Every structure is written in C-alpha cells, then in structure tokens.
$ cat upload.tsv   # TSV, C-alpha atoms and all ligand atoms
chain	number	residue	atom	x	y	z
R	221	MET	CA	0.00	0.00	0.00
R	222	THR	CA	1.43	3.39	-0.90
R	223	GLU	CA	1.68	6.28	1.54
R	224	ALA	CA	-1.16	8.16	-0.22
R	225	ALA	CA	-3.56	5.26	0.08
R	226	VAL	CA	-3.42	5.11	3.89
R	227	ILE	CA	-6.75	6.34	5.28
R	228	THR	CA	-6.83	7.68	8.81
R	229	ALA	CA	-9.86	7.04	11.00
R	230	ASP	CA	-11.38	10.54	10.98
R	231	VAL	CA	-11.26	11.09	7.20
R	232	GLN	CA	-14.66	10.81	5.53
R	233	ALA	CA	-15.30	9.43	2.08
R	234	GLY	CA	-15.99	12.02	-0.61
R	235	PRO	CA	-19.45	12.72	-1.98
R	236	GLU	CA	-21.18	10.33	-4.40
R	237	ILE	CA	-22.96	13.21	-6.17
R	238	SER	CA	-21.62	16.61	-7.26
R	239	VAL	CA	-24.28	19.11	-8.23
R	240	ILE	CA	-22.70	21.62	-10.61
R	241	VAL	CA	-24.37	25.02	-10.59
R	242	PRO	CA	-23.21	27.64	-13.12
R	243	CYS	CA	-24.06	31.06	-11.77
R	244	TYR	CA	-23.73	34.68	-12.63
R	245	ASN	CA	-25.33	37.35	-10.43
R	246	GLU	CA	-27.32	34.84	-8.40
R	247	VAL	CA	-26.60	36.17	-4.91
R	248	GLY	CA	-30.29	36.09	-4.01
R	249	ASN	CA	-30.66	32.41	-4.91
R	250	VAL	CA	-27.60	30.67	-3.46
R	251	GLY	CA	-28.93	30.15	0.09
R	252	ALA	CA	-32.32	28.93	-1.10
R	253	LEU	CA	-30.70	26.47	-3.49
R	254	VAL	CA	-28.47	24.95	-0.82
R	255	ALA	CA	-31.50	24.54	1.46
R	256	ALA	CA	-33.46	22.94	-1.38
R	257	LEU	CA	-30.61	20.50	-2.11
R	258	GLU	CA	-30.41	19.62	1.56
R	259	ARG	CA	-34.07	18.55	1.48
R	260	ALA	CA	-33.93	16.86	-1.91
R	261	LEU	CA	-30.76	14.85	-1.33
R	262	ALA	CA	-31.26	13.94	2.33
R	263	GLY	CA	-29.66	10.58	3.07
R	264	ARG	CA	-27.19	10.80	0.16
R	265	ARG	CA	-23.55	11.93	0.16
R	266	TRP	CA	-23.59	15.06	-1.98
R	267	GLU	CA	-21.78	18.32	-2.62
R	268	VAL	CA	-22.69	21.39	-4.61
R	269	ILE	CA	-20.13	23.27	-6.70
R	270	PHE	CA	-21.13	26.81	-7.61
R	271	VAL	CA	-19.12	28.04	-10.61
R	272	ASP	CA	-19.36	31.81	-10.62
R	273	ASP	CA	-17.75	34.09	-13.20
R	274	ASN	CA	-16.76	36.67	-10.61
R	275	SER	CA	-20.26	38.19	-10.50
R	276	PRO	CA	-20.32	41.83	-9.42
R	277	ASP	CA	-23.25	41.12	-7.05
R	278	GLY	CA	-21.07	39.07	-4.68
R	279	THR	CA	-22.32	35.58	-5.54
R	280	THR	CA	-18.95	34.03	-4.68
R	281	ALA	CA	-18.85	35.75	-1.28
R	282	ALA	CA	-22.34	34.37	-0.54
R	283	VAL	CA	-21.20	30.86	-1.53
R	284	ARG	CA	-18.08	31.10	0.63
R	285	ALA	CA	-20.06	32.29	3.64
R	286	ILE	CA	-22.19	29.14	3.43
R	287	ALA	CA	-19.18	26.92	2.63
R	288	GLN	CA	-17.49	28.02	5.85
R	289	ARG	CA	-20.29	26.37	7.82
R	290	ASP	CA	-21.06	23.54	5.41
R	291	SER	CA	-18.32	21.40	3.84
R	292	ARG	CA	-20.79	20.11	1.20
R	293	VAL	CA	-20.70	23.52	-0.44
R	294	ARG	CA	-17.85	24.52	-2.74
R	295	GLY	CA	-17.27	27.59	-4.88
R	296	LEU	CA	-15.19	28.03	-8.00
R	297	CYS	CA	-14.66	31.64	-9.02
R	298	ARG	CA	-13.44	32.32	-12.56
R	299	ILE	CA	-11.89	35.68	-13.31
R	300	GLY	CA	-12.08	37.39	-16.70
R	301	ARG	CA	-14.24	34.58	-18.13
R	302	ARG	CA	-17.91	34.19	-19.06
R	303	GLY	CA	-20.02	31.31	-20.23
R	304	LEU	CA	-22.48	28.81	-18.81
R	305	SER	CA	-21.16	25.75	-20.66
R	306	SER	CA	-17.50	26.37	-19.93
R	307	ALA	CA	-18.40	26.98	-16.26
R	308	VAL	CA	-20.17	23.60	-16.11
R	309	ILE	CA	-17.20	21.88	-17.76
R	310	GLU	CA	-14.75	23.26	-15.22
R	311	GLY	CA	-17.05	22.48	-12.29
R	312	ALA	CA	-17.66	18.91	-13.46
R	313	LEU	CA	-13.96	18.31	-14.04
R	314	SER	CA	-13.22	19.44	-10.48
R	315	SER	CA	-15.53	16.71	-9.13
R	316	SER	CA	-14.38	13.32	-7.85
R	317	ALA	CA	-17.90	12.04	-7.26
R	318	GLN	CA	-19.34	9.10	-9.18
R	319	VAL	CA	-22.22	11.16	-10.57
R	320	VAL	CA	-22.39	14.79	-11.63
R	321	ALA	CA	-25.71	16.58	-11.92
R	322	VAL	CA	-26.07	19.99	-13.57
R	323	MET	CA	-28.71	22.50	-12.58
R	324	ASP	CA	-29.31	26.25	-12.78
R	325	GLY	CA	-28.68	28.50	-9.83
R	326	ASP	CA	-31.97	30.42	-9.97
R	327	MET	CA	-34.34	27.78	-8.51
R	328	GLN	CA	-36.06	27.21	-11.88
R	329	HIS	CA	-35.27	23.48	-11.84
R	330	ASP	CA	-37.28	21.17	-9.64
R	331	GLU	CA	-34.70	19.81	-7.21
R	332	SER	CA	-37.11	17.11	-6.03
R	333	ARG	CA	-36.36	15.29	-9.33
R	334	LEU	CA	-32.61	15.19	-8.65
R	335	GLY	CA	-32.79	11.85	-6.82
R	336	ALA	CA	-34.58	10.23	-9.77
R	337	LEU	CA	-31.99	11.61	-12.21
R	338	VAL	CA	-29.11	10.29	-10.11
R	339	ASP	CA	-30.78	6.87	-9.61
R	340	ALA	CA	-31.35	6.48	-13.36
R	341	VAL	CA	-27.64	7.02	-14.01
R	342	GLN	CA	-26.41	4.96	-11.07
R	343	SER	CA	-28.57	1.98	-11.98
R	344	GLY	CA	-26.96	1.93	-15.43
R	345	ALA	CA	-30.38	2.41	-17.09
R	346	CYS	CA	-28.91	5.26	-19.13
R	347	ASP	CA	-25.76	7.33	-19.68
R	348	VAL	CA	-27.52	10.67	-19.28
R	349	ALA	CA	-30.72	11.31	-17.34
R	350	VAL	CA	-32.43	14.51	-18.48
R	351	GLY	CA	-34.95	16.54	-16.49
R	352	SER	CA	-37.50	17.05	-19.25
R	353	ARG	CA	-40.25	19.64	-19.60
R	354	HIS	CA	-41.49	17.93	-22.76
R	355	VAL	CA	-42.54	14.46	-21.64
R	356	GLU	CA	-45.79	13.58	-19.93
R	357	GLY	CA	-45.84	15.16	-16.50
R	358	GLY	CA	-43.24	17.81	-17.35
R	359	ASP	CA	-44.06	21.48	-17.60
R	360	ASN	CA	-42.51	24.65	-18.91
R	361	SER	CA	-44.65	27.23	-17.14
R	362	GLY	CA	-41.67	29.10	-15.68
R	363	LEU	CA	-40.60	30.46	-19.07
R	364	ALA	CA	-41.07	34.21	-18.77
R	365	ASN	CA	-43.31	34.93	-21.82
R	366	ALA	CA	-44.56	33.80	-25.23
R	367	TRP	CA	-41.29	34.92	-26.85
R	368	ARG	CA	-39.26	32.66	-24.54
R	369	HIS	CA	-41.63	29.76	-25.28
R	370	ALA	CA	-41.20	30.31	-29.03
R	371	LEU	CA	-37.43	30.56	-28.66
R	372	SER	CA	-37.24	27.38	-26.60
R	373	ASP	CA	-39.50	25.46	-29.01
R	374	GLY	CA	-37.51	26.71	-32.03
R	375	GLY	CA	-34.22	25.72	-30.38
R	376	ILE	CA	-35.57	22.25	-29.60
R	377	LYS	CA	-36.64	21.70	-33.24
R	378	LEU	CA	-33.27	22.91	-34.53
R	379	ALA	CA	-31.30	20.69	-32.13
R	380	GLN	CA	-33.50	17.67	-32.87
R	381	LEU	CA	-32.58	17.95	-36.56
R	382	ILE	CA	-28.99	16.99	-35.85
R	383	LEU	CA	-29.03	15.12	-32.53
R	384	PRO	CA	-28.07	11.45	-32.76
R	385	VAL	CA	-30.70	10.52	-30.12
R	386	ARG	CA	-34.44	11.14	-29.75
R	387	LEU	CA	-34.94	13.68	-27.03
R	388	GLY	CA	-38.00	15.81	-26.24
R	389	ASP	CA	-36.10	18.47	-24.29
R	390	PRO	CA	-32.52	18.83	-25.55
R	391	MET	CA	-32.52	22.45	-24.32
R	392	SER	CA	-32.75	21.29	-20.70
R	393	GLY	CA	-30.05	22.50	-18.36
R	394	PHE	CA	-31.00	19.92	-15.72
R	395	PHE	CA	-29.41	16.50	-16.13
R	396	ALA	CA	-27.09	13.92	-14.57
R	397	LEU	CA	-24.39	11.58	-15.85
R	398	ARG	CA	-21.44	9.62	-14.52
R	399	GLN	CA	-18.38	11.78	-13.88
R	400	ASP	CA	-16.16	9.44	-15.92
R	401	THR	CA	-18.55	9.73	-18.88
R	402	PHE	CA	-18.34	13.52	-18.62
R	403	ALA	CA	-14.54	13.44	-18.37
R	404	ARG	CA	-14.33	11.16	-21.43
R	405	ILE	CA	-16.38	13.58	-23.56
R	406	ALA	CA	-14.82	16.77	-22.13
R	407	PRO	CA	-11.86	17.01	-24.57
R	408	HIS	CA	-14.33	17.00	-27.49
R	409	LEU	CA	-16.71	19.66	-26.14
R	410	SER	CA	-17.04	23.01	-27.81
R	411	GLY	CA	-17.89	24.74	-24.50
R	412	THR	CA	-19.64	27.60	-26.31
R	413	GLY	CA	-22.76	29.26	-24.97
R	414	PHE	CA	-25.58	27.95	-22.77
R	415	LYS	CA	-26.46	24.50	-24.09
R	416	ILE	CA	-24.03	22.09	-22.50
R	417	LEU	CA	-26.39	19.10	-22.84
R	418	VAL	CA	-26.60	19.54	-26.64
R	419	ASP	CA	-22.81	19.95	-26.68
R	420	LEU	CA	-22.35	16.69	-24.73
R	421	LEU	CA	-24.75	14.71	-26.92
R	422	LEU	CA	-23.14	15.98	-30.14
R	423	SER	CA	-19.56	15.66	-28.92
R	424	SER	CA	-19.61	12.17	-27.42
R	425	PRO	CA	-17.52	9.79	-29.56
R	426	GLN	CA	-20.10	7.03	-28.78
R	427	PRO	CA	-23.86	7.70	-28.87
R	428	LEU	CA	-25.19	8.22	-25.34
R	429	ARG	CA	-28.20	6.36	-23.96
R	430	VAL	CA	-30.62	9.00	-22.74
R	431	GLN	CA	-33.59	8.76	-20.38
R	432	GLU	CA	-35.98	11.65	-19.87
R	433	ILE	CA	-37.54	12.21	-16.48
R	434	ALA	CA	-40.54	14.52	-16.24
R	435	CYS	CA	-39.72	17.74	-14.53
R	436	GLY	CA	-41.27	21.14	-13.84
R	437	PHE	CA	-39.69	24.49	-14.60
R	438	ARG	CA	-40.51	27.28	-12.16
R	439	GLU	CA	-40.10	31.01	-12.38
R	440	ARG	CA	-36.81	32.44	-11.25
R	441	LEU	CA	-36.70	33.09	-7.50
R	442	ALA	CA	-34.53	36.25	-7.70
R	443	GLY	CA	-32.34	38.05	-10.23
R	444	GLU	CA	-32.59	38.19	-14.01
R	445	SER	CA	-32.10	35.89	-16.99
R	446	LYS	CA	-28.78	36.21	-18.81
R	447	LEU	CA	-30.10	34.92	-22.11
R	448	ASP	CA	-29.56	37.52	-24.83
R	449	ALA	CA	-29.04	37.79	-28.59
R	450	VAL	CA	-25.38	36.76	-28.34
R	451	VAL	CA	-26.30	33.60	-26.43
R	452	MET	CA	-28.80	32.74	-29.19
R	453	LEU	CA	-26.12	33.25	-31.84
R	454	GLN	CA	-23.77	31.09	-29.80
R	455	PHE	CA	-26.33	28.28	-29.92
R	456	VAL	CA	-26.44	28.42	-33.73
R	457	ALA	CA	-22.62	28.58	-33.73
R	458	LEU	CA	-22.45	25.49	-31.51
R	459	LEU	CA	-24.70	23.51	-33.88
R	460	LEU	CA	-22.67	24.69	-36.89
R	461	ASP	CA	-19.44	23.75	-35.17
R	462	LYS	CA	-20.74	20.26	-34.49
R	463	VAL	CA	-22.24	19.77	-37.97
R	464	CYS	CA	-18.90	20.80	-39.48
R	465	ARG	CA	-17.10	18.49	-37.01
R	466	GLY	CA	-14.84	21.27	-35.81
R	467	TRP	CA	-13.12	22.01	-39.13
R	468	LEU	CA	-14.82	25.40	-39.42
R	469	PRO	CA	-12.98	27.77	-37.08
R	470	LEU	CA	-16.05	29.63	-35.80
R	471	ARG	CA	-14.14	32.38	-34.08
R	472	PHE	CA	-12.37	33.17	-37.33
R	473	VAL	CA	-15.70	33.20	-39.19
R	474	ALA	CA	-17.14	35.63	-36.61
R	475	PHE	CA	-14.01	37.79	-36.86
R	476	ALA	CA	-14.22	37.90	-40.66
R	477	LEU	CA	-17.95	38.79	-40.52
R	478	VAL	CA	-17.18	41.62	-38.12
R	479	GLY	CA	-14.47	42.68	-40.58
R	480	LEU	CA	-17.10	42.88	-43.34
R	481	ILE	CA	-19.28	45.07	-41.11
R	482	GLY	CA	-16.18	47.23	-40.62
R	483	ILE	CA	-15.76	47.69	-44.38
R	484	GLY	CA	-19.43	48.74	-44.63
R	485	THR	CA	-19.02	51.17	-41.73
R	486	ASN	CA	-15.89	52.64	-43.28
R	487	LEU	CA	-17.66	53.31	-46.59
R	488	LEU	CA	-20.77	54.79	-44.95
R	489	VAL	CA	-18.87	57.12	-42.63
R	490	MET	CA	-16.56	58.15	-45.46
R	491	GLN	CA	-19.52	59.11	-47.67
R	492	ALA	CA	-21.16	61.02	-44.81
R	493	VAL	CA	-18.00	62.97	-43.95
R	494	LYS	CA	-17.37	63.70	-47.64
R	495	ALA	CA	-20.93	64.99	-47.98
R	496	LEU	CA	-20.17	67.40	-45.13
R	497	GLY	CA	-17.41	68.89	-47.27
R	498	ALA	CA	-14.25	67.08	-46.11
R	499	ASP	CA	-11.59	66.09	-48.64
R	500	PHE	CA	-10.89	62.45	-49.53
R	501	SER	CA	-8.00	61.83	-47.09
R	502	MET	CA	-9.89	63.38	-44.19
R	503	ALA	CA	-13.04	61.35	-45.00
R	504	GLN	CA	-10.99	58.17	-45.44
R	505	GLY	CA	-9.12	58.77	-42.16
R	506	ILE	CA	-12.27	59.36	-40.11
R	507	GLY	CA	-14.05	56.41	-41.78
R	508	THR	CA	-11.14	54.09	-40.96
R	509	VAL	CA	-10.91	55.12	-37.30
R	510	VAL	CA	-14.68	54.79	-36.76
R	511	ALA	CA	-14.66	51.38	-38.47
R	512	MET	CA	-11.80	50.20	-36.22
R	513	ILE	CA	-13.66	51.31	-33.08
R	514	VAL	CA	-16.87	49.62	-34.23
R	515	ASN	CA	-14.97	46.43	-35.10
R	516	PHE	CA	-13.18	46.40	-31.77
R	517	GLN	CA	-16.46	46.79	-29.88
R	518	LEU	CA	-18.12	44.00	-31.87
R	519	ASP	CA	-15.16	41.66	-31.43
R	520	ASN	CA	-14.91	42.45	-27.73
R	521	ASN	CA	-18.62	41.83	-27.14
R	522	PHE	CA	-19.22	39.02	-29.55
R	523	THR	CA	-16.22	37.24	-31.12
R	524	TYR	CA	-14.24	37.30	-27.85
R	525	ARG	CA	-17.15	37.61	-25.41
R	526	ASP	CA	-15.66	34.94	-23.17
R	527	ARG	CA	-12.44	36.96	-22.86
R	528	ARG	CA	-14.04	40.42	-22.90
R	529	LEU	CA	-11.69	43.29	-21.99
R	530	ARG	CA	-12.93	45.89	-19.54
R	531	GLY	CA	-11.76	49.23	-18.14
R	532	VAL	CA	-8.14	50.18	-18.81
R	533	ARG	CA	-7.42	46.83	-20.46
R	534	CYS	CA	-10.21	47.61	-22.92
R	535	LEU	CA	-8.60	50.96	-23.79
R	536	TRP	CA	-5.16	49.38	-24.26
R	537	GLY	CA	-6.79	46.64	-26.30
R	538	LEU	CA	-8.38	49.23	-28.60
R	539	LEU	CA	-5.05	51.02	-29.16
R	540	LEU	CA	-3.30	47.73	-29.88
R	541	PHE	CA	-6.15	46.69	-32.17
R	542	MET	CA	-5.78	49.92	-34.16
R	543	LEU	CA	-2.04	49.35	-34.46
R	544	VAL	CA	-2.52	45.73	-35.58
R	545	CYS	CA	-5.20	46.73	-38.12
R	546	SER	CA	-2.98	49.50	-39.50
R	547	VAL	CA	-0.20	46.99	-40.13
R	548	GLY	CA	-2.87	44.71	-41.64
R	549	ALA	CA	-3.96	47.52	-43.96
R	550	LEU	CA	-0.36	48.11	-45.09
R	551	ALA	CA	0.04	44.37	-45.75
R	552	ASN	CA	-3.25	44.45	-47.66
R	553	VAL	CA	-2.04	47.21	-49.99
R	554	GLY	CA	1.43	45.64	-50.35
R	555	VAL	CA	0.16	42.18	-51.25
R	556	ALA	CA	-2.57	43.54	-53.55
R	557	ASP	CA	0.08	45.63	-55.40
R	558	MET	CA	2.34	42.61	-55.76
R	559	VAL	CA	-0.41	40.39	-57.15
R	560	TYR	CA	-1.67	43.13	-59.46
R	561	ASN	CA	1.83	43.72	-60.84
R	562	GLN	CA	2.13	40.03	-61.62
R	563	ASN	CA	-1.16	39.32	-63.40
R	564	ARG	CA	-3.01	42.64	-63.80
R	565	GLU	CA	-6.15	41.06	-62.32
R	566	PHE	CA	-7.80	43.75	-60.22
R	567	ASN	CA	-10.25	41.46	-58.35
R	568	GLU	CA	-7.72	38.74	-57.59
R	569	ALA	CA	-5.31	41.32	-56.28
R	570	SER	CA	-7.78	42.91	-53.89
R	571	VAL	CA	-9.07	39.55	-52.62
R	572	ALA	CA	-5.48	38.42	-51.96
R	573	GLY	CA	-4.75	41.65	-50.09
R	574	ALA	CA	-7.93	41.44	-48.02
R	575	LEU	CA	-7.24	37.78	-47.15
R	576	ILE	CA	-3.74	38.51	-45.92
R	577	ALA	CA	-5.07	41.42	-43.83
R	578	VAL	CA	-7.86	39.43	-42.18
R	579	VAL	CA	-5.56	36.48	-41.39
R	580	TRP	CA	-2.94	38.84	-39.93
R	581	ASN	CA	-5.52	40.79	-37.90
R	582	TYR	CA	-7.08	37.57	-36.59
R	583	ALA	CA	-3.76	35.98	-35.66
R	584	MET	CA	-2.62	39.08	-33.79
R	585	SER	CA	-5.99	39.64	-32.10
R	586	ALA	CA	-6.25	36.06	-30.90
R	587	THR	CA	-2.71	35.91	-29.54
R	588	ILE	CA	-1.96	39.46	-28.36
R	589	ILE	CA	-5.19	41.36	-27.70
R	590	TRP	CA	-7.67	38.72	-26.51
R	591	ARG	CA	-5.10	36.27	-25.15
R	592	PRO	CA	-6.59	32.94	-23.97
V	1	LIG	N1	-20.81	30.86	-14.59
V	1	LIG	C1	-21.75	31.36	-15.41
V	1	LIG	N2	-23.05	31.08	-15.22
V	1	LIG	C2	-23.95	31.62	-16.05
V	1	LIG	C3	-23.60	32.46	-17.13
V	1	LIG	N3	-24.72	32.83	-17.79
V	1	LIG	C4	-25.74	32.26	-17.13
V	1	LIG	N4	-25.30	31.53	-16.09
V	1	LIG	C5	-26.08	30.76	-15.12
V	1	LIG	O1	-26.74	29.73	-15.79
V	1	LIG	C6	-28.02	29.49	-15.25
V	1	LIG	C7	-29.10	29.66	-16.33
V	1	LIG	O2	-29.06	30.99	-16.78
V	1	LIG	P1	-30.36	31.90	-16.93
V	1	LIG	O3	-29.92	33.29	-17.16
V	1	LIG	O4	-31.28	31.65	-15.78
V	1	LIG	O5	-30.98	31.32	-18.28
V	1	LIG	P2	-32.51	31.09	-18.61
V	1	LIG	O6	-33.07	30.21	-17.54
V	1	LIG	O7	-32.48	30.44	-19.95
V	1	LIG	O8	-33.14	32.45	-18.62
V	1	LIG	C8	-28.18	30.48	-14.10
V	1	LIG	O9	-27.80	29.86	-12.90
V	1	LIG	C9	-27.19	31.57	-14.47
V	1	LIG	O10	-26.73	32.29	-13.36
V	1	LIG	C10	-22.20	32.75	-17.31
V	1	LIG	O11	-21.79	33.46	-18.22
V	1	LIG	N5	-21.33	32.18	-16.43
V	2	MG	MG	-33.04	30.66	-15.51

$ encode --input "upload.tsv" --output "structure tokens" --more "lines below"
Ligand SMILES: Nc1nc2c(ncn2[C@@H]2O[C@H](COP(=O)(O)OP(=O)(O)O)[C@@H](O)[C@H]2O)c(=O)[nH]1
Ligand SMILES: [Mg+2]
Amino acid sequence: MTEAAVITADVQAGPEISVIVPCYNEVGNVGALVAALERALAGRRWEVIFVDDNSPDGTTAAVRAIAQRDSRVRGLCRIGRRGLSSAVIEGALSSSAQVVAVMDGDMQHDESRLGALVDAVQSGACDVAVGSRHVEGGDNSGLANAWRHALSDGGIKLAQLILPVRLGDPMSGFFALRQDTFARIAPHLSGTGFKILVDLLLSSPQPLRVQEIACGFRERLAGESKLDAVVMLQFVALLLDKVCRGWLPLRFVAFALVGLIGIGTNLLVMQAVKALGADFSMAQGIGTVVAMIVNFQLDNNFTYRDRRLRGVRCLWGLLLFMLVCSVGALANVGVADMVYNQNREFNEASVAGALIAVVWNYAMSATIIWRP
C-alpha cells in the first residue's frame, strides 16, 4: 500500500454526487438552493459546486459564507471569463464524485427530481438522465413569456434535426451523468454558450443512452435571466461547429464577418463625412478610425465575449487593435500591389490583399489582444 492510500480514521469518504451550478449574479438564490438540495438529497452523500464568473453582485462571497459552515458547499470563481457551458465543464472536471448533476442556480429546476436523475444514471439504465419539460408530467410554465416559449421550441426543433438521439427536451439544463462519462467527452466539447447538454450529446464519440424524467420548470426566484441575442447566436454557432465536425474555425468566421461590417461602416462614414465637405484623405481617415472602433467593440462583445476586456485593459486593447489593423492595412495594400503587378487582375489582387489582412488581424488579435 502506498503512503497516499493510507486512510486515517477521521477522514470521511468524498461525496457520491456533485451538483454543478453555473451562476452569474445569483446572490439572491444561493442560500435557497443549498437549502433545497439539503431537502432533496437527504440521506445521500452530496456536494454542490457553484461556478461563478466573478459576479459583481457578490455571488462568490455568498457561496463562501455558506461553505465556511457547510463542507458540502464549494465555490469556484473564474476571473475574466464568461459562459455557462465552460463553467459547467470546469465544475464537473473538479468533481471526484461518481455522478455529476447539472442544474441552474436560480431555482427554476425542480430539485425534487434530482434523486430520480441520479438513480437512473447509477442503476446503469442510461448514460444521461435529463430533467425534461417535454414528456408527460413535465411542464414549462416558468418560461417568462410567449417569446421565450417560441425561442425554446424553435431551439428544440433545430437541435432535434442533428441530434443522434431522440430527445423531447434537448434544451434542458438539468441532467445527470457519470463523472467518468463527462470526463471522457470533455476534450471533445465546444464549451460555447448555454447549451451544455446539446454539446455533450453531439460531442460524445459514442452515442449516449438517454432517459428523460418529467420535470417542472418554475419562475426564477430572484435576479434576471442572462439569455440575450449573443447567447442565441452562440447556440447556432455550436450547432454549426458540431455539424462541421470542428473544421470550421467559428471564431475566425465571426471575426471575418465583423471585418465585413467594418468595411461597410468605413464606406458609410466616409460618404457622410465627404458629404459634409471634407476632402478624400480626411473622410478616409475618419471612416477608418470609426470602423476600427466599431470592429473592436463587436469583437470584444461578440467574437471574444468569453475573454471580454474591460476598463483600462479595454482601452489598451483598442489602441493595440488599431495598431494591428494598421499593419494589416499596409500588408493588404502591399500584397494587392504585388499580385496586381504580376497578373493585372484587379479582383484577384484585392481579394489576396484582403485575405492577408484578415488572417494577420485575426492571428494578432487572438494571440496578443484577446489572449486565452
Ligand atoms: N458561470 C456562469 N453562469 C452563467 C452564465 N450565464 C448564465 N449563467 C447561469 O446559468 C443558469 C441559467 O441561466 P439563466 O440566465 O437563468 O438562463 P434562462 O433560464 O435560460 O433564462 C443560471 O444559474 C445563471 O446564473 C455565465 O456566463 N457564467
Ligand atoms: Mg433561468
């Protein structure tokens, strides 16, 4: 027996269940959720891991205050990061329990179904047990309004088109699976956006056996939903990423699309400034600077949302971005000139120049400005 394997009398075995709770600005819900878990999982060895992205409302402090009295409560605070799915991945990988369950931190999920989810996985009846609002007995009444219902239904239909398994509620954020199953799939996950269950089902090298367990969906206890237009786009990006089996670098595609918006902005502003009586160089200069600022904002809030720069770092980032793009513009003109001198093809030359510029800008942005 090795030194590490010696167990002293007063050491207790670890939990059999880790409940992973991604949270952002959920300070008003943490205490209620721990109390709910206590009731729902009575008689089982469990822990809860709150993964908070350094919420400004003090969610992590609230978790730590409870954790000081209760060793079943753990907190993982991520700095400079955002994202539900990536938070779940990191929480689940920090677990040594046999089963991990994932649930939201706003009391929308019905914790009384947790035991059934865990039992379904532990009995070997399935690989993933899903708390489902779309099987008999389930309900979706906690969705805020008709728009959220339509969005959820649309997302379900879209996901069902490409999922390898039949599932009534692939958009559920309430499910359980064995930790080793999660760890096996983890290297293949995209980790983008909100829909970690869809990510797991589409990323698993072997098809997963799924069982749905009817479950209610309540209204949020406190705080606000974080679902917004970018999260919706991230869902489409996740599906695209999986359909293309990872060969389409989605961040690059987003960066190039933002670049196209930049070209449009440049032209529009240039025309407007020219109409106000400025000469060409002045109009071109102002158009370029405005386009760079717009591009930086879009990239910071969308392309690199998970690494978003704030405050002084955002200002430095913008200056660096302008420098990088200026070098990119010089490379664009240089390469376009070279190609044009060789074959006198105007279109080919400008496409070659633009390509070099976007690749340069992307490479520099990804490695220097929004460093991983
Ligand atoms: N760590 C982390 N958790 C998040 C993030 N966005 C949302 N969450 C949490 O994920 C859960 C579901 O999010 P919510 O906004 O309620 O989504 P909705 O139920 O679809 O409106 C909640 O516990 C949120 O606090 C994020 O960027 N990071
Ligand atoms: Mg919610």

$ closest_residue --input "upload.tsv" --among "R:Ala262, R:Leu313, R:Val320, R:Leu441" --to "ligand LIG 1 (chain V)" --atoms "all atoms listed in the file"
R:Leu441

$ residues_around --input "upload.tsv" --residues "region 233-240 of chain R" --least-positions-apart "4" --cutoff "9 Å" --atoms "only C-alpha atoms" --output "ChimeraX atom specification"
/R:257,264-271,292,307-308,311-312,315-324,338,396,399

$ axis_aligned_box --input "upload.tsv" --around "region 289-294 of chain R" --padding-each-side "4 Å" --output "JSON"
{"center_x": -19.5, "center_y": 23.2, "center_z": 2.5, "size_x": 11.2, "size_y": 14.3, "size_z": 18.6}

$ closest_atom_pairs --input "upload.tsv" --of "chain R" --to "ligand MG 2 (chain V)" --cutoff "12 Å" --atoms "only C-alpha atoms and all ligand atoms" --output "tab-separated table"
residue	atom	partner	partner_atom	distance
R:Val241	CA	V:MG2	MG	11.5
R:Pro242	CA	V:MG2	MG	10.6
R:Cys243	CA	V:MG2	MG	9.7
R:Tyr244	CA	V:MG2	MG	10.5
R:Asn245	CA	V:MG2	MG	11.4
R:Glu246	CA	V:MG2	MG	10.0
R:Asn249	CA	V:MG2	MG	11.0
R:Leu304	CA	V:MG2	MG	11.2
R:Met323	CA	V:MG2	MG	9.7
R:Asp324	CA	V:MG2	MG	6.4
R:Gly325	CA	V:MG2	MG	7.5
R:Asp326	CA	V:MG2	MG	5.6
R:Met327	CA	V:MG2	MG	7.7
R:Gln328	CA	V:MG2	MG	5.8
R:His329	CA	V:MG2	MG	8.4
R:Asp330	CA	V:MG2	MG	11.9
R:Asn360	CA	V:MG2	MG	11.7
R:Gly362	CA	V:MG2	MG	8.8
R:Leu363	CA	V:MG2	MG	8.4
R:Ala364	CA	V:MG2	MG	9.4
R:Arg368	CA	V:MG2	MG	11.1
R:Ser392	CA	V:MG2	MG	10.7
R:Gly393	CA	V:MG2	MG	9.1
R:Phe394	CA	V:MG2	MG	10.9
R:Phe414	CA	V:MG2	MG	10.8
R:Phe437	CA	V:MG2	MG	9.1
R:Arg438	CA	V:MG2	MG	8.9
R:Glu439	CA	V:MG2	MG	7.7
R:Arg440	CA	V:MG2	MG	6.0
R:Leu441	CA	V:MG2	MG	9.1
R:Ala442	CA	V:MG2	MG	9.7
R:Gly443	CA	V:MG2	MG	9.1
R:Glu444	CA	V:MG2	MG	7.7
R:Ser445	CA	V:MG2	MG	5.5
R:Lys446	CA	V:MG2	MG	7.7
R:Leu447	CA	V:MG2	MG	8.4

$ closest_residue --input "upload.tsv" --among "R:Asp499, R:Arg294, R:Ala379, R:Gly507" --to "Leu487 (chain R)" --atoms "all atoms listed in the file"
R:Gly507

$ atom_distance --input "upload.tsv" --atom1 "atom C6 of ligand LIG 1 (chain V)" --atom2 "CA of Ser305 (chain R)"
9.5 Å

$ closest_residue --input "upload.tsv" --among "R:Ala406, R:Val430, R:Leu378, R:Phe522" --to "Ala345 (chain R)" --atoms "all atoms listed in the file"
R:Val430

$ residues_around --input "upload.tsv" --residues "Arg530 (chain R)" --least-positions-apart "5" --cutoff "10 Å" --atoms "all atoms listed in the file" --output "mmCIF file with C-alpha atoms, keeping the file's coordinate frame"
data_model
loop_
_atom_site.group_PDB
_atom_site.id
_atom_site.type_symbol
_atom_site.label_atom_id
_atom_site.label_comp_id
_atom_site.auth_asym_id
_atom_site.auth_seq_id
_atom_site.Cartn_x
_atom_site.Cartn_y
_atom_site.Cartn_z
ATOM 1 C CA GLY R 300 -12.080 37.390 -16.700
ATOM 2 C CA ASN R 520 -14.910 42.450 -27.730
ATOM 3 C CA LEU R 535 -8.600 50.960 -23.790
ATOM 4 C CA TRP R 536 -5.160 49.380 -24.260
ATOM 5 C CA GLY R 537 -6.790 46.640 -26.300
#
